[in-house]
Structures are given as structure tokens and as C-alpha cells.
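K.L.:
The following block contains the structure, expressed as C-alpha cells.
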Amino acid sequence: ASCPLILATKSGSKYGSTKLSLARVTRVEGLAEELSGSSSQSLWAQATVSELHAGLSQAINDQQSNQLMSTLCVKSASTASLDQRATCVLAIGVMSRSIGGLGLASLLPQIVQTLIALGRASPSSISPFIADALSAVSTSSGPSFLPFVRETLDLIQEMLLDEEIYSRPGLLPSIGQLGNAMVACLGPDYILGSEAYDICRSIVSELRASDPCGVRLKEDILAGALQSVLYAQMLVLFVPKALTTAQHVKVLVDTLPSRQPYLRRAAADTLRHLAERETEKVLSQRIEGALLVALDGESDRGAAEQLRAAIKVLLMHGAPSKPCSWARLLGDVATGTSFSKVNENSGSVDTDIPPDGVGDEDCREDAMPTEANGGMMN
């Protein structure tokens with residue numbers, strides 16, 4: 001019964017000609033209240049409540065949406081039930097995406113302070129919900145979130161010290177996603193050597209750490225790998241001197257054989273960005289064979305398009321200086337030579353990379369004195 005209501009609320013957009021009647025709004029609110037007040041909540045029920053609130057925020061006016069969000073914040077802080085608290089936090093995150101932009105600006109202090117207080121006072125069982133909600137709020141509010149970056153990073157540091165950081169399902173990937181949201185919020189202000197850089201670098205080190213005891217779930221490992229690749233993408237965009245091109249290439253090329261399409265797509269997209277920005281340095285890594293091998297076996301259309309674009313950039317810049325090498329490589333492709341042999345003939349990626357794939361400041365290109373980069377984030 002809840003699915004038609006969700007569709008109905010979302011169709012009644014505040015920007016369209018259709019409005020939900022007061023009776024229907026009351027009915028949706030009552031159903032959400034009933035589901036959130038149940039003694040034992042499933043993840044399905046929590047997601048349903050969140051979608052109902054998101055739909056309502058689209059079907060009512062701005063003032064009512066703000067009031068609903070404020071009510072959720074108060075309820076999440078006052079309830080003693082962890083299930084109800086998790087439901088409210090999840091609803092706050094989903095509603096943030098529905099409201100978005102300037103509509104969130106006036107609510108940000110209350111939302112962020114509530115979520116951070118809950119993150120410090122609640123057990124780790126709902127920490128993934130809190131991290132996801134903060135990520136949603138940050139990405140939905142844009143530059144308006146900048147004043148709250150510092151206290152969010154402080155919460156991330158505390159979460160990283162949790163003794164269940166590896167064993168709690170979804171916790172570490174959620175922290176990785178939140179860290180990436182902070183990098184995206186800071187943008188060009190994400191400075192090498194800053195406190196924000198050090199914290200986010202620590203997150204990525206944890207995401208890429210080995211799991212010899214097998215504590216982490218497979219789903220968490222895959223989700224963490226995605227956040228690691230997305231972090232590399234943002235480094236290429238915002239802090240190109242943070243790591244050497246060889247370090248970026250190593251992480252990205254190693255991700256291309258993944259069985260997960262979203263991972264391959266993210267890695268291929270980042271490689272294209274890197275090839276466009278640091279063409280000569282990428283050419284020096286001689287990864288064209290690896291890209292051709294990846295393209296030959298790629299079934300995801302989006303990843304294949306990004307790989308083609310990266311190969312095209314390298315071909316246009318590399319062929320004039322080394323025509324024989326490229327002619328031989330493309331000749332092998334045209335004649336159906338084994339792609340494993342093509343990869344061998346094109347060379348291999350430099351493997352002299354730190355184990356965590358993050359790198360040290362003194363290994364980066366054009367390294368600057370550490371004192372010049374060690375300032376605190378404003």
C-alpha cells in the first residue's frame with residue numbers, strides 16, 4: 001500500500017501543477033509515523049519511511065518542508081529507540097536530496113549539529129546512517145556546507161577510531177563516502193598538507209588496507225574500492241600534485257579488471273581525466289596496452305566510452321613522437337594478436353608504489369617544503 005502513496009507524493013511536485021490534497025498529506029504522514037513507530041523495523045520499512053518523507057517534501061510548500069525536516073531533527077535527537085533514530089536519520093538524508101540547494105541553507109545549522117551530536121552519542125550500529133545522511137546533506141547543499149566541513153571532519157576522525165570500524169557492516173565505506181563529500185565541498189580549497197587532506201588521506205589508507213583476518217564483508221570491500229577510486233578522481237581534479245602520475249595510474253589500472261561495472265566505470269573515467277591533464281606523464285607509464293585489453297573485454301557501455309576517449313588522447317599525443325611503437329601496437333590489434341601479448345609489448349605500469357597506494361608527501365611531483373603546506377584548514 002505504501003508504494004502507490006510514494007509515487008503519488010512524488011508526482012505532486014511543488015513545482016508542478018498538481019498538489020496533494022490535505023487528506024492525502026495527512027494519510028502519508030500517518031503511514032510514515034506508523035512505520036517509524038513500529039517496535040522492530042526492517043531496512044525496508046526504514047527506506048519506505050524515508051521515501052515517504054522525500055515525496056512529501058516535493059508535494060508541499062517550502063515552509064512545510066522546512067517544518068517537517070526540523071521535526072525529524074528533533075525526533076531523532078529525542079527518541080530512545082535506536083531503530084527510530086536510524087529511520088529519522090535516513091529520512092533526513094533522503095529529504096535533503098529532495099529539498100536541495102538554497103532550500104537547505106536555513107536548515108543546515110540544525111541538521112548538521114543534530115547529526116554530529118547523534119554521531120558522537122550513538123553506538124556504531126547507526127553510524128553508517130549518520131555518515132550517509134551527512135554525505136547527502138553536503139552534496140545537496142553545495143557551497144553552503146563549507147562552514148560545517150571542519151566539525152564534520154572532526155566526527156570522521158572519531159569514527160575512524162571506533163573499535164568496530166572494520167567489523168561493522170557499511171561503516172568504513174560510509175566514512176569514505178563522507179570524506180569524499182568533504183573533498184568535493186572544499187574543491188580547490190582542498191590543499192595539499194592541510195588538516196582536511198591528512199584526514200581524508202587516512203580514510204583512503206583504511207579503505208585500501210589489506211584484510212588478512214577476513215573481518216570485512218565483501219560488499220564493504222567493493223564499496224570501499226569505489227570510494228578509493230572516486231577519491232583518486234577528485235585528487236586529479238583538485239590536487240593534481242598530491243600524488244605522482246605513476247601512483248594514480250597504478251591504482252586505476254589495477255581496478256580495470258574488476259567484476260563490478262561501477263568500479264570499472266569510475267576507474268576509466270578517472271584515467272580519461274588523467275590522460276587529458278597529464279598526457280605526457282601518462283604516456284611515460286605505457287598503459288595503452290592495458291587500456292586496449294580492458295576495452296576488448298569491457299561490457300559496460302559507459303566504461304568503454306571512457307576507455308576509448310583515454311586511448312584516443314594518448315594516441316593523438318603519442319603517435320607523432322613514437323610512430324613505430326604505436327604502429328606496431330595497433331598492427332597487433334588489427335591482425336588479431338593475443339591481447340595479453342599486446343599488453344606485454346606495450347610495457348607495464350611502474351609498480352614501485354607504497355602499499356596503501358596513497359603515497360608520502362616527499363614522493364610527490366614538485367614537492368614543496370612540508371612547513372609551507374602544514375597549515376590548518378580554515
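Chain identifiers are assigned as A, B, and so on, following the order in which chains appear in the C-alpha cells; residues are numbered from 1 within each chain, and ligands are numbered from 1 in order of appearance.
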Would you list the contacts of A:Pro143 as JSON, numbers by chain, taking every protein, DNA or RNA residue within 9 Å and counting only C-alpha atoms, but skipping same-chain residues closer than 3 positions in sequence?

P.N.:
{"A": [138, 139, 146, 147, 185, 186]}

K.L.:
Looking only at the backbone, which of the residues in stretch 132-370 of chain A does DSSP tag as helix (DSSP H, G or I), as an MDAnalysis selection string?

P.N.:
chainID A and resid 132:160 171:189 195:208 218:238 245:255 261:277 279:284 288:297 301:318 323:334 339:346 361:363 370

K.L.:
Need the shell around A:Leu271: protein/DNA/RNA residues with any atom at most 9 Å away, counting only C-alpha atoms. Skip same-chain ones fewer than 3 positions apart. Format as a list in words?

P.N.:
Gln233, His248, Val249, Leu252, Val253, Ala266, Ala267, Ala268, Leu274, Ala275, Glu276, Val282, Gln306, Leu307 and Ala310 of chain A

K.L.:
Would you output that residue set with all heavy atoms, as an mmCIF file, in the first residue's frame?

P.N.:
data_model
loop_
_atom_site.group_PDB
_atom_site.id
_atom_site.type_symbol
_atom_site.label_atom_id
_atom_site.label_comp_id
_atom_site.auth_asym_id
_atom_site.auth_seq_id
_atom_site.Cartn_x
_atom_site.Cartn_y
_atom_site.Cartn_z
ATOM 1 N N GLN A 233 39.953 10.279 -8.304
ATOM 2 C CA GLN A 233 39.391 11.175 -9.319
ATOM 3 C C GLN A 233 39.399 12.628 -8.849
ATOM 4 O O GLN A 233 39.760 13.540 -9.599
ATOM 5 C CB GLN A 233 37.967 10.732 -9.655
ATOM 6 C CG GLN A 233 37.323 11.484 -10.795
ATOM 7 C CD GLN A 233 35.949 10.944 -11.107
ATOM 8 O OE1 GLN A 233 34.944 11.463 -10.621
ATOM 9 N NE2 GLN A 233 35.886 9.887 -11.903
ATOM 10 N N HIS A 248 48.751 7.313 -9.277
ATOM 11 C CA HIS A 248 47.369 7.324 -9.746
ATOM 12 C C HIS A 248 47.122 6.181 -10.729
ATOM 13 O O HIS A 248 46.142 5.435 -10.620
ATOM 14 C CB HIS A 248 47.062 8.652 -10.442
ATOM 15 C CG HIS A 248 46.810 9.793 -9.512
ATOM 16 N ND1 HIS A 248 45.893 9.739 -8.487
ATOM 17 C CD2 HIS A 248 47.354 11.036 -9.466
ATOM 18 C CE1 HIS A 248 45.886 10.903 -7.844
ATOM 19 N NE2 HIS A 248 46.759 11.701 -8.419
ATOM 20 N N VAL A 249 48.014 6.063 -11.706
ATOM 21 C CA VAL A 249 47.838 5.067 -12.762
ATOM 22 C C VAL A 249 47.807 3.660 -12.192
ATOM 23 O O VAL A 249 47.001 2.819 -12.597
ATOM 24 C CB VAL A 249 48.947 5.220 -13.822
ATOM 25 C CG1 VAL A 249 48.990 4.015 -14.758
ATOM 26 C CG2 VAL A 249 48.726 6.492 -14.630
ATOM 27 N N LEU A 252 44.401 2.950 -10.610
ATOM 28 C CA LEU A 252 43.311 2.935 -11.585
ATOM 29 C C LEU A 252 43.390 1.739 -12.523
ATOM 30 O O LEU A 252 42.376 1.084 -12.792
ATOM 31 C CB LEU A 252 43.313 4.246 -12.377
ATOM 32 C CG LEU A 252 43.085 5.502 -11.538
ATOM 33 C CD1 LEU A 252 43.284 6.754 -12.369
ATOM 34 C CD2 LEU A 252 41.693 5.493 -10.916
ATOM 35 N N VAL A 253 44.586 1.448 -13.033
ATOM 36 C CA VAL A 253 44.734 0.311 -13.945
ATOM 37 C C VAL A 253 44.444 -0.999 -13.220
ATOM 38 O O VAL A 253 43.855 -1.926 -13.788
ATOM 39 C CB VAL A 253 46.145 0.310 -14.572
ATOM 40 C CG1 VAL A 253 46.395 -0.985 -15.348
ATOM 41 C CG2 VAL A 253 46.302 1.503 -15.516
ATOM 42 N N ALA A 266 34.200 4.084 -12.985
ATOM 43 C CA ALA A 266 34.859 5.161 -12.238
ATOM 44 C C ALA A 266 36.352 5.214 -12.555
ATOM 45 O O ALA A 266 36.924 6.294 -12.744
ATOM 46 C CB ALA A 266 34.646 4.960 -10.738
ATOM 47 N N ALA A 267 37.000 4.033 -12.647
ATOM 48 C CA ALA A 267 38.425 3.998 -12.953
ATOM 49 C C ALA A 267 38.695 4.503 -14.363
ATOM 50 O O ALA A 267 39.638 5.270 -14.601
ATOM 51 C CB ALA A 267 38.956 2.575 -12.796
ATOM 52 N N ALA A 268 37.869 4.082 -15.335
ATOM 53 C CA ALA A 268 38.057 4.516 -16.723
ATOM 54 C C ALA A 268 37.831 6.019 -16.862
ATOM 55 O O ALA A 268 38.577 6.713 -17.577
ATOM 56 C CB ALA A 268 37.105 3.750 -17.638
ATOM 57 N N LEU A 274 42.854 11.965 -16.278
ATOM 58 C CA LEU A 274 44.301 11.998 -16.082
ATOM 59 C C LEU A 274 45.035 12.084 -17.417
ATOM 60 O O LEU A 274 46.022 12.822 -17.557
ATOM 61 C CB LEU A 274 44.734 10.757 -15.308
ATOM 62 C CG LEU A 274 46.129 10.757 -14.689
ATOM 63 C CD1 LEU A 274 46.276 11.896 -13.691
ATOM 64 C CD2 LEU A 274 46.407 9.429 -13.996
ATOM 65 N N ALA A 275 44.564 11.343 -18.405
ATOM 66 C CA ALA A 275 45.196 11.375 -19.730
ATOM 67 C C ALA A 275 45.074 12.752 -20.364
ATOM 68 O O ALA A 275 45.995 13.211 -21.058
ATOM 69 C CB ALA A 275 44.561 10.323 -20.638
ATOM 70 N N GLU A 276 43.968 13.422 -20.133
ATOM 71 C CA GLU A 276 43.770 14.757 -20.706
ATOM 72 C C GLU A 276 44.610 15.812 -19.999
ATOM 73 O O GLU A 276 45.097 16.760 -20.633
ATOM 74 C CB GLU A 276 42.292 15.133 -20.641
ATOM 75 C CG GLU A 276 41.411 14.307 -21.565
ATOM 76 C CD GLU A 276 39.937 14.560 -21.358
ATOM 77 O OE1 GLU A 276 39.568 15.206 -20.344
ATOM 78 O OE2 GLU A 276 39.140 14.118 -22.205
ATOM 79 N N VAL A 282 51.312 10.300 -18.389
ATOM 80 C CA VAL A 282 50.586 9.042 -18.555
ATOM 81 C C VAL A 282 51.226 8.216 -19.662
ATOM 82 O O VAL A 282 51.358 6.988 -19.533
ATOM 83 C CB VAL A 282 49.096 9.312 -18.863
ATOM 84 C CG1 VAL A 282 48.375 8.004 -19.186
ATOM 85 C CG2 VAL A 282 48.422 9.992 -17.675
ATOM 86 N N GLN A 306 34.662 5.744 -21.994
ATOM 87 C CA GLN A 306 35.751 6.446 -21.313
ATOM 88 C C GLN A 306 37.112 5.871 -21.710
ATOM 89 O O GLN A 306 38.082 6.610 -21.891
ATOM 90 C CB GLN A 306 35.564 6.346 -19.790
ATOM 91 C CG GLN A 306 34.295 6.994 -19.268
ATOM 92 C CD GLN A 306 34.240 8.483 -19.549
ATOM 93 O OE1 GLN A 306 35.249 9.171 -19.535
ATOM 94 N NE2 GLN A 306 33.049 8.979 -19.821
ATOM 95 N N LEU A 307 37.184 4.565 -21.849
ATOM 96 C CA LEU A 307 38.442 3.933 -22.269
ATOM 97 C C LEU A 307 38.813 4.369 -23.685
ATOM 98 O O LEU A 307 39.985 4.648 -23.965
ATOM 99 C CB LEU A 307 38.318 2.411 -22.192
ATOM 100 C CG LEU A 307 38.289 1.800 -20.782
ATOM 101 C CD1 LEU A 307 37.914 0.326 -20.838
ATOM 102 C CD2 LEU A 307 39.641 1.979 -20.091
ATOM 103 N N ALA A 310 40.204 7.857 -23.538
ATOM 104 C CA ALA A 310 41.568 7.895 -22.998
ATOM 105 C C ALA A 310 42.576 7.403 -24.029
ATOM 106 O O ALA A 310 43.649 8.003 -24.208
ATOM 107 C CB ALA A 310 41.645 7.051 -21.728
#
